[in-house]
$ cat entry-v2.pdb   # PDB, C-alpha atoms
ATOM      1  CA  MET A   1     115.609 139.969 142.824
ATOM      2  CA  GLU A   2     113.604 137.477 144.917
ATOM      3  CA  GLY A   3     110.723 139.940 145.072
ATOM      4  CA  LYS A   4     110.679 140.144 141.288
ATOM      5  CA  ASN A   5     110.639 136.357 141.022
ATOM      6  CA  ILE A   6     107.703 136.124 143.427
ATOM      7  CA  CYS A   7     105.796 138.810 141.522
ATOM      8  CA  SER A   8     106.534 136.991 138.280
ATOM      9  CA  LYS A   9     105.139 133.740 139.664
ATOM     10  CA  LEU A  10     102.017 135.510 140.932
ATOM     11  CA  ASN A  11     101.461 137.207 137.583
ATOM     12  CA  PRO A  12      98.539 135.376 135.906
ATOM     13  CA  PHE A  13      99.317 136.911 132.522
ATOM     14  CA  ARG A  14     102.796 135.360 132.535
ATOM     15  CA  GLU A  15     101.200 131.988 133.174
ATOM     16  CA  CYS A  16      98.803 132.495 130.257
ATOM     17  CA  ILE A  17     101.728 133.218 127.941
ATOM     18  CA  GLU A  18     103.728 130.252 129.272
ATOM     19  CA  TYR A  19     100.869 127.801 128.735
ATOM     20  CA  ASN A  20      99.726 129.498 125.506
ATOM     21  CA  LEU A  21      96.169 129.824 126.813
ATOM     22  CA  GLY A  22      93.419 132.387 126.641
ATOM     23  CA  LEU A  23      92.819 134.597 129.660
ATOM     24  CA  TRP A  24      89.705 132.720 130.788
ATOM     25  CA  GLU A  25      91.496 129.383 130.452
ATOM     26  CA  CYS A  26      94.470 130.455 132.548
ATOM     27  CA  PRO A  27      94.550 128.873 136.057
ATOM     28  CA  GLY A  28      96.165 131.919 137.680
ATOM     29  CA  PHE A  29      93.601 134.332 136.275
ATOM     30  CA  LEU A  30      90.732 132.020 137.207
ATOM     31  CA  PHE A  31      92.075 131.736 140.742
ATOM     32  CA  LEU A  32      92.174 135.531 140.956
ATOM     33  CA  ILE A  33      88.578 135.797 139.729
ATOM     34  CA  MET A  34      87.474 133.075 142.138
ATOM     35  CA  GLY A  35      89.181 134.923 144.980
ATOM     36  CA  LEU A  36      87.300 138.108 144.155
ATOM     37  CA  ALA A  37      84.057 136.132 143.886
ATOM     38  CA  ASN A  38      84.765 134.605 147.287
ATOM     39  CA  ILE A  39      85.230 138.040 148.850
ATOM     40  CA  VAL A  40      81.984 139.274 147.289
ATOM     41  CA  ALA A  41      80.199 136.156 148.534
ATOM     42  CA  MET A  42      81.527 136.701 152.068
ATOM     43  CA  VAL A  43      80.324 140.312 152.142
ATOM     44  CA  ALA A  44      76.936 139.427 150.660
ATOM     45  CA  THR A  45      76.523 136.529 153.084
ATOM     46  CA  TYR A  46      77.376 138.788 156.011
ATOM     47  CA  PHE A  47      74.715 141.354 155.112
ATOM     48  CA  VAL A  48      72.061 138.722 154.342
ATOM     49  CA  ALA A  49      72.795 136.817 157.561
ATOM     50  CA  ASN A  50      72.682 140.046 159.573
ATOM     51  CA  ARG A  51      69.269 140.745 158.130
ATOM     52  CA  TYR A  52      67.798 137.485 159.407
ATOM     53  CA  SER A  53      69.789 136.990 162.611
ATOM     54  CA  ASP A  54      70.795 139.241 165.491
ATOM     55  CA  GLN A  55      73.344 136.793 166.878
ATOM     56  CA  PRO A  56      76.919 137.593 165.738
ATOM     57  CA  GLU A  57      78.051 134.009 166.349
ATOM     58  CA  ILE A  58      75.508 132.597 163.907
ATOM     59  CA  VAL A  59      76.334 135.271 161.328
ATOM     60  CA  ALA A  60      80.051 134.507 161.619
ATOM     61  CA  LEU A  61      79.393 130.759 161.341
ATOM     62  CA  ILE A  62      77.305 131.214 158.188
ATOM     63  CA  VAL A  63      79.977 133.431 156.622
ATOM     64  CA  ILE A  64      82.696 130.876 157.432
ATOM     65  CA  ILE A  65      80.673 127.976 155.991
ATOM     66  CA  ILE A  66      79.824 129.827 152.763
ATOM     67  CA  SER A  67      83.433 131.008 152.398
ATOM     68  CA  ALA A  68      84.747 127.477 152.911
ATOM     69  CA  ILE A  69      82.371 126.121 150.261
ATOM     70  CA  PHE A  70      83.427 128.806 147.782
ATOM     71  CA  LEU A  71      87.089 128.173 148.571
ATOM     72  CA  VAL A  72      86.784 124.428 147.917
ATOM     73  CA  ILE A  73      84.902 125.028 144.670
ATOM     74  CA  SER A  74      87.450 127.629 143.546
ATOM     75  CA  TYR A  75      90.366 125.350 144.342
ATOM     76  CA  SER A  76      88.803 122.402 142.501
ATOM     77  CA  ILE A  77      88.095 124.468 139.396
ATOM     78  CA  THR A  78      91.534 126.079 139.243
ATOM     79  CA  GLN A  79      93.277 122.749 139.887
ATOM     80  CA  GLY A  80      91.349 121.182 137.028
ATOM     81  CA  PHE A  81      92.307 123.997 134.677
ATOM     82  CA  ASP A  82      95.901 123.857 135.905
ATOM     83  CA  LYS A  83      96.153 120.163 135.022
ATOM     84  CA  LEU A  84      94.657 120.850 131.600
ATOM     85  CA  ALA A  85      97.119 123.695 131.035
ATOM     86  CA  GLN A  86     100.087 121.535 132.003
ATOM     87  CA  ALA A  87      98.866 118.701 129.783
ATOM     88  CA  ASN A  88      98.512 121.139 126.889
ATOM     89  CA  LYS A  89     102.040 122.429 127.453
ATOM     90  CA  MET A  90     103.466 118.901 127.632
ATOM     91  CA  LYS A  91     101.681 117.919 124.425
ATOM     92  CA  THR A  92     103.162 120.928 122.653
ATOM     93  CA  GLU A  93     106.664 120.094 123.896
ATOM     94  CA  PHE A  94     106.238 116.423 123.003
ATOM     95  CA  VAL A  95     105.140 117.206 119.449
ATOM     96  CA  SER A  96     108.034 119.649 119.085
ATOM     97  CA  VAL A  97     110.578 117.023 120.156
ATOM     98  CA  ALA A  98     108.966 114.319 118.044
ATOM     99  CA  SER A  99     108.947 116.600 114.996
ATOM    100  CA  HIS A 100     112.676 117.154 115.373
ATOM    101  CA  GLN A 101     113.235 113.423 115.731
ATOM    102  CA  LEU A 102     111.210 112.747 112.592
ATOM    103  CA  ARG A 103     113.221 115.265 110.606
ATOM    104  CA  THR A 104     116.493 113.387 111.161
ATOM    105  CA  PRO A 105     115.543 110.077 109.482
ATOM    106  CA  LEU A 106     113.692 111.989 106.767
ATOM    107  CA  SER A 107     116.823 113.989 105.995
ATOM    108  CA  SER A 108     118.908 110.813 105.848
ATOM    109  CA  MET A 109     116.422 109.167 103.497
ATOM    110  CA  ARG A 110     116.269 112.206 101.244
ATOM    111  CA  TRP A 111     120.028 112.549 100.878
ATOM    112  CA  ALA A 112     120.517 108.818 100.291
ATOM    113  CA  LEU A 113     117.815 108.728  97.620
ATOM    114  CA  ASN A 114     119.107 111.896  95.968
ATOM    115  CA  LEU A 115     122.551 110.353  95.799
ATOM    116  CA  LEU A 116     121.250 107.111  94.305
ATOM    117  CA  LEU A 117     119.158 108.979  91.737
ATOM    118  CA  ASP A 118     122.033 111.233  90.728
ATOM    119  CA  GLU A 119     123.061 110.245  87.208
ATOM    120  CA  HIS A 120     126.655 111.200  88.001
ATOM    121  CA  PHE A 121     126.860 108.855  90.976
ATOM    122  CA  GLN A 122     129.592 106.289  90.319
ATOM    123  CA  GLY A 123     129.239 104.197  93.457
ATOM    124  CA  SER A 124     129.696 100.445  93.520
ATOM    125  CA  GLU A 125     126.846  97.996  93.999
ATOM    126  CA  GLN A 126     127.970  97.557  97.587
ATOM    127  CA  GLU A 127     127.678 101.300  98.203
ATOM    128  CA  LYS A 128     124.243 101.403  96.600
ATOM    129  CA  THR A 129     123.112  98.513  98.775
ATOM    130  CA  SER A 130     124.485 100.272 101.841
ATOM    131  CA  TYR A 131     122.538 103.438 101.028
ATOM    132  CA  LEU A 132     119.353 101.467 100.458
ATOM    133  CA  GLU A 133     119.830  99.736 103.802
ATOM    134  CA  SER A 134     120.239 103.126 105.485
ATOM    135  CA  VAL A 135     116.966 104.247 103.875
ATOM    136  CA  GLN A 136     115.267 101.133 105.214
ATOM    137  CA  GLU A 137     116.640 101.720 108.723
ATOM    138  CA  SER A 138     115.524 105.354 108.634
ATOM    139  CA  ALA A 139     112.047 104.271 107.562
ATOM    140  CA  GLU A 140     111.877 101.813 110.457
ATOM    141  CA  ARG A 141     112.905 104.529 112.914
ATOM    142  CA  MET A 142     110.212 106.790 111.508
ATOM    143  CA  ILE A 143     107.614 104.087 112.069
ATOM    144  CA  LYS A 144     108.708 103.815 115.706
ATOM    145  CA  LEU A 145     108.508 107.580 116.127
ATOM    146  CA  VAL A 146     105.054 107.732 114.563
ATOM    147  CA  ASN A 147     103.934 105.004 116.950
ATOM    148  CA  ASP A 148     105.203 107.172 119.801
ATOM    149  CA  LEU A 149     103.158 110.086 118.509
ATOM    150  CA  LEU A 150     100.047 107.957 118.243
ATOM    151  CA  ASP A 151     100.439 106.692 121.784
ATOM    152  CA  VAL A 152      98.294 109.313 123.506
ATOM    153  CA  SER A 153      98.920 107.860 126.943
ATOM    154  CA  ARG A 154     102.571 108.901 126.766
ATOM    155  CA  ILE A 155     101.580 112.466 126.052
ATOM    156  CA  GLU A 156      99.069 112.528 128.904
ATOM    157  CA  MET A 157     101.672 111.192 131.318
ATOM    158  CA  GLY A 158     104.084 113.854 130.122
ATOM    159  CA  ARG A 159     106.954 111.472 129.589
ATOM    160  CA  MET A 160     108.405 109.101 127.068
ATOM    161  CA  ILE A 161     108.419 105.395 127.808
ATOM    162  CA  PHE A 162     111.936 103.984 127.834
ATOM    163  CA  ALA A 163     112.941 100.371 127.265
ATOM    164  CA  PRO A 164     116.506 100.098 128.605
ATOM    165  CA  ARG A 165     118.526  96.970 127.939
ATOM    166  CA  GLN A 166     122.116  95.917 127.330
ATOM    167  CA  THR A 167     123.160  97.900 124.263
ATOM    168  CA  ASN A 168     126.192  97.607 122.010
ATOM    169  CA  LEU A 169     127.402 101.162 121.434
ATOM    170  CA  TYR A 170     129.610 100.171 118.520
ATOM    171  CA  ILE A 171     126.620  98.834 116.589
ATOM    172  CA  ILE A 172     124.683 101.998 117.427
ATOM    173  CA  ALA A 173     127.569 104.110 116.141
ATOM    174  CA  GLN A 174     127.750 102.061 112.936
ATOM    175  CA  LYS A 175     124.047 102.592 112.297
ATOM    176  CA  ILE A 176     124.372 106.327 112.841
ATOM    177  CA  ILE A 177     127.384 106.648 110.547
ATOM    178  CA  GLY A 178     125.651 104.565 107.890
ATOM    179  CA  SER A 179     122.435 106.582 107.972
ATOM    180  CA  LEU A 180     124.140 109.990 107.996
ATOM    181  CA  THR A 181     126.877 109.296 105.441
ATOM    182  CA  PRO A 182     124.765 110.454 102.452
ATOM    183  CA  TYR A 183     123.848 113.644 104.309
ATOM    184  CA  ALA A 184     127.499 114.214 105.224
ATOM    185  CA  LYS A 185     128.680 113.660 101.647
ATOM    186  CA  ALA A 186     126.115 116.128 100.369
ATOM    187  CA  ASN A 187     127.648 118.690 102.729
ATOM    188  CA  ASN A 188     131.250 117.747 101.833
ATOM    189  CA  VAL A 189     131.867 116.306 105.284
ATOM    190  CA  ALA A 190     133.614 112.990 105.919
ATOM    191  CA  LEU A 191     132.287 110.717 108.662
ATOM    192  CA  THR A 192     134.519 108.058 110.182
ATOM    193  CA  LEU A 193     134.054 105.753 113.137
ATOM    194  CA  ASP A 194     137.143 105.710 115.326
ATOM    195  CA  ALA A 195     136.239 103.300 118.112
ATOM    196  CA  PRO A 196     137.142  99.724 119.040
ATOM    197  CA  GLU A 197     134.596  97.025 118.301
ATOM    198  CA  THR A 198     135.094  95.785 121.853
ATOM    199  CA  LEU A 199     133.302  98.727 123.424
ATOM    200  CA  PRO A 200     131.514  97.521 126.570
ATOM    201  CA  ASN A 201     127.745  97.267 126.523
ATOM    202  CA  VAL A 202     125.738  99.856 128.422
ATOM    203  CA  PHE A 203     122.300  99.593 129.979
ATOM    204  CA  THR A 204     120.204 102.088 128.034
ATOM    205  CA  ASP A 205     117.373 102.431 125.545
ATOM    206  CA  PRO A 206     119.075 101.867 122.165
ATOM    207  CA  ASP A 207     116.424 103.755 120.205
ATOM    208  CA  ARG A 208     116.653 106.850 122.414
ATOM    209  CA  ILE A 209     120.446 106.943 122.615
ATOM    210  CA  LEU A 210     120.600 106.502 118.841
ATOM    211  CA  LEU A 211     118.321 109.502 118.346
ATOM    212  CA  VAL A 212     120.293 111.663 120.767
ATOM    213  CA  VAL A 213     123.682 110.940 119.193
ATOM    214  CA  GLN A 214     122.268 111.112 115.673
ATOM    215  CA  ASN A 215     120.777 114.547 116.334
ATOM    216  CA  LEU A 216     124.117 115.764 117.680
ATOM    217  CA  ILE A 217     126.030 114.498 114.648
ATOM    218  CA  GLU A 218     123.412 115.828 112.242
ATOM    219  CA  ASN A 219     123.717 119.288 113.792
ATOM    220  CA  ALA A 220     127.508 119.023 113.632
ATOM    221  CA  ILE A 221     127.302 118.218 109.912
ATOM    222  CA  LYS A 222     124.807 120.997 109.332
ATOM    223  CA  TYR A 223     127.011 123.661 110.901
ATOM    224  CA  THR A 224     130.342 122.369 109.577
ATOM    225  CA  LYS A 225     131.672 124.105 106.502
ATOM    226  CA  GLY A 226     132.920 121.373 104.211
TER     227      GLY A 226
END
$ encode --input "entry-v2.pdb" --output "structure tokens"
Amino acid sequence: MEGKNICSKLNPFRECIEYNLGLWECPGFLFLIMGLANIVAMVATYFVANRYSDQPEIVALIVIIISAIFLVISYSITQGFDKLAQANKMKTEFVSVASHQLRTPLSSMRWALNLLLDEHFQGSEQEKTSYLESVQESAERMIKLVNDLLDVSRIEMGRMIFAPRQTNLYIIAQKIIGSLTPYAKANNVALTLDAPETLPNVFTDPDRILLVVQNLIENAIKYTKG
């Protein structure tokens, strides 16, 4: 099993598929080509040096120097391509995550607006105001997410920037329930908040924890048969 894992790691084609790159952009394949070029250079250098020198020590020294130069160049090139490949992979993953995060507030906005525009909707003014507030909150979250997408430095670093602070989980839960209630009603699912208002604060990023819990609840609603 370990042998298979080692062979898999040494397989340049697997790396190309993983990074979604062409063969000549793949670091593993380039390293293989550079290795072959290095061997050819060593052999060629040996024959050329032998032609102009009868001293084996000088020939060996020339071969070592040329090989070292080729090795450094090969390593630099493959490392550069490896960093580019990893950055490309991280960008793809980042966009995928961000797209999912954008879909959640969009879904909440759509269901709330559909409910308000439904001519059969008999909700009170307070309910209508609540739905409009949830639309506004969803729009604000979308703006934050779009700002994250536009922040290229976060993508290049391969990580999100967190802003942890003392966070009231009860307020977070209220926001989530409020924003997802229209979506839940459209799927014949009832959402209730069963938690004391005296929940202790936690040190976390409120925007990120809201997205995580909201995604979980949205998926629960989606796959619950009402």
$ resolve_selection --input "entry-v2.pdb" --expression "the PyMOL selection byres ((chain A and resi 167-180) around 8)" --output "ChimeraX atom specification"
/A:105,108-109,130-131,134-135,137-138,165-166,181-184,191-193,195-206,210,213-214,218
$ closest_residue --input "entry-v2.pdb" --among "A:Leu102, A:Ala163, A:Ala87, A:Leu117" --to "Leu211 of chain A" --atoms "all atoms listed in the file"
A:Leu102
$ atom_distance --input "entry-v2.pdb" --atom1 "atom CA of Val95 of chain A" --atom2 "atom CA of Met142 of chain A"
14.0 Å
$ residues_near_point --input "entry-v2.pdb" --point "(76.3, 129.2, 155.3)" --cutoff "12 Å" --atoms "all atoms listed in the file" --output "PyMOL selection string"
chain A and resi 41-42+44-46+48-49+58-70
$ closest_residue --input "entry-v2.pdb" --among "A:Thr104, A:Phe31, A:Ile217, A:Leu132" --to "Phe81 of chain A" --atoms "only C-alpha atoms"
A:Phe31
$ residues_around --input "entry-v2.pdb" --residues "Tyr75 of chain A" --least-positions-apart "3" --cutoff "12 Å" --atoms "only C-alpha atoms" --output "ChimeraX atom specification"
/A:27-28,30-35,38,68-72,78-82
$ atom_distance --input "entry-v2.pdb" --atom1 "atom CA of Thr92 of chain A" --atom2 "atom CA of Ile221 of chain A"
27.4 Å
$ atom_distance --input "entry-v2.pdb" --atom1 "atom CA of Ile143 of chain A" --atom2 "atom CA of Asn215 of chain A"
17.3 Å
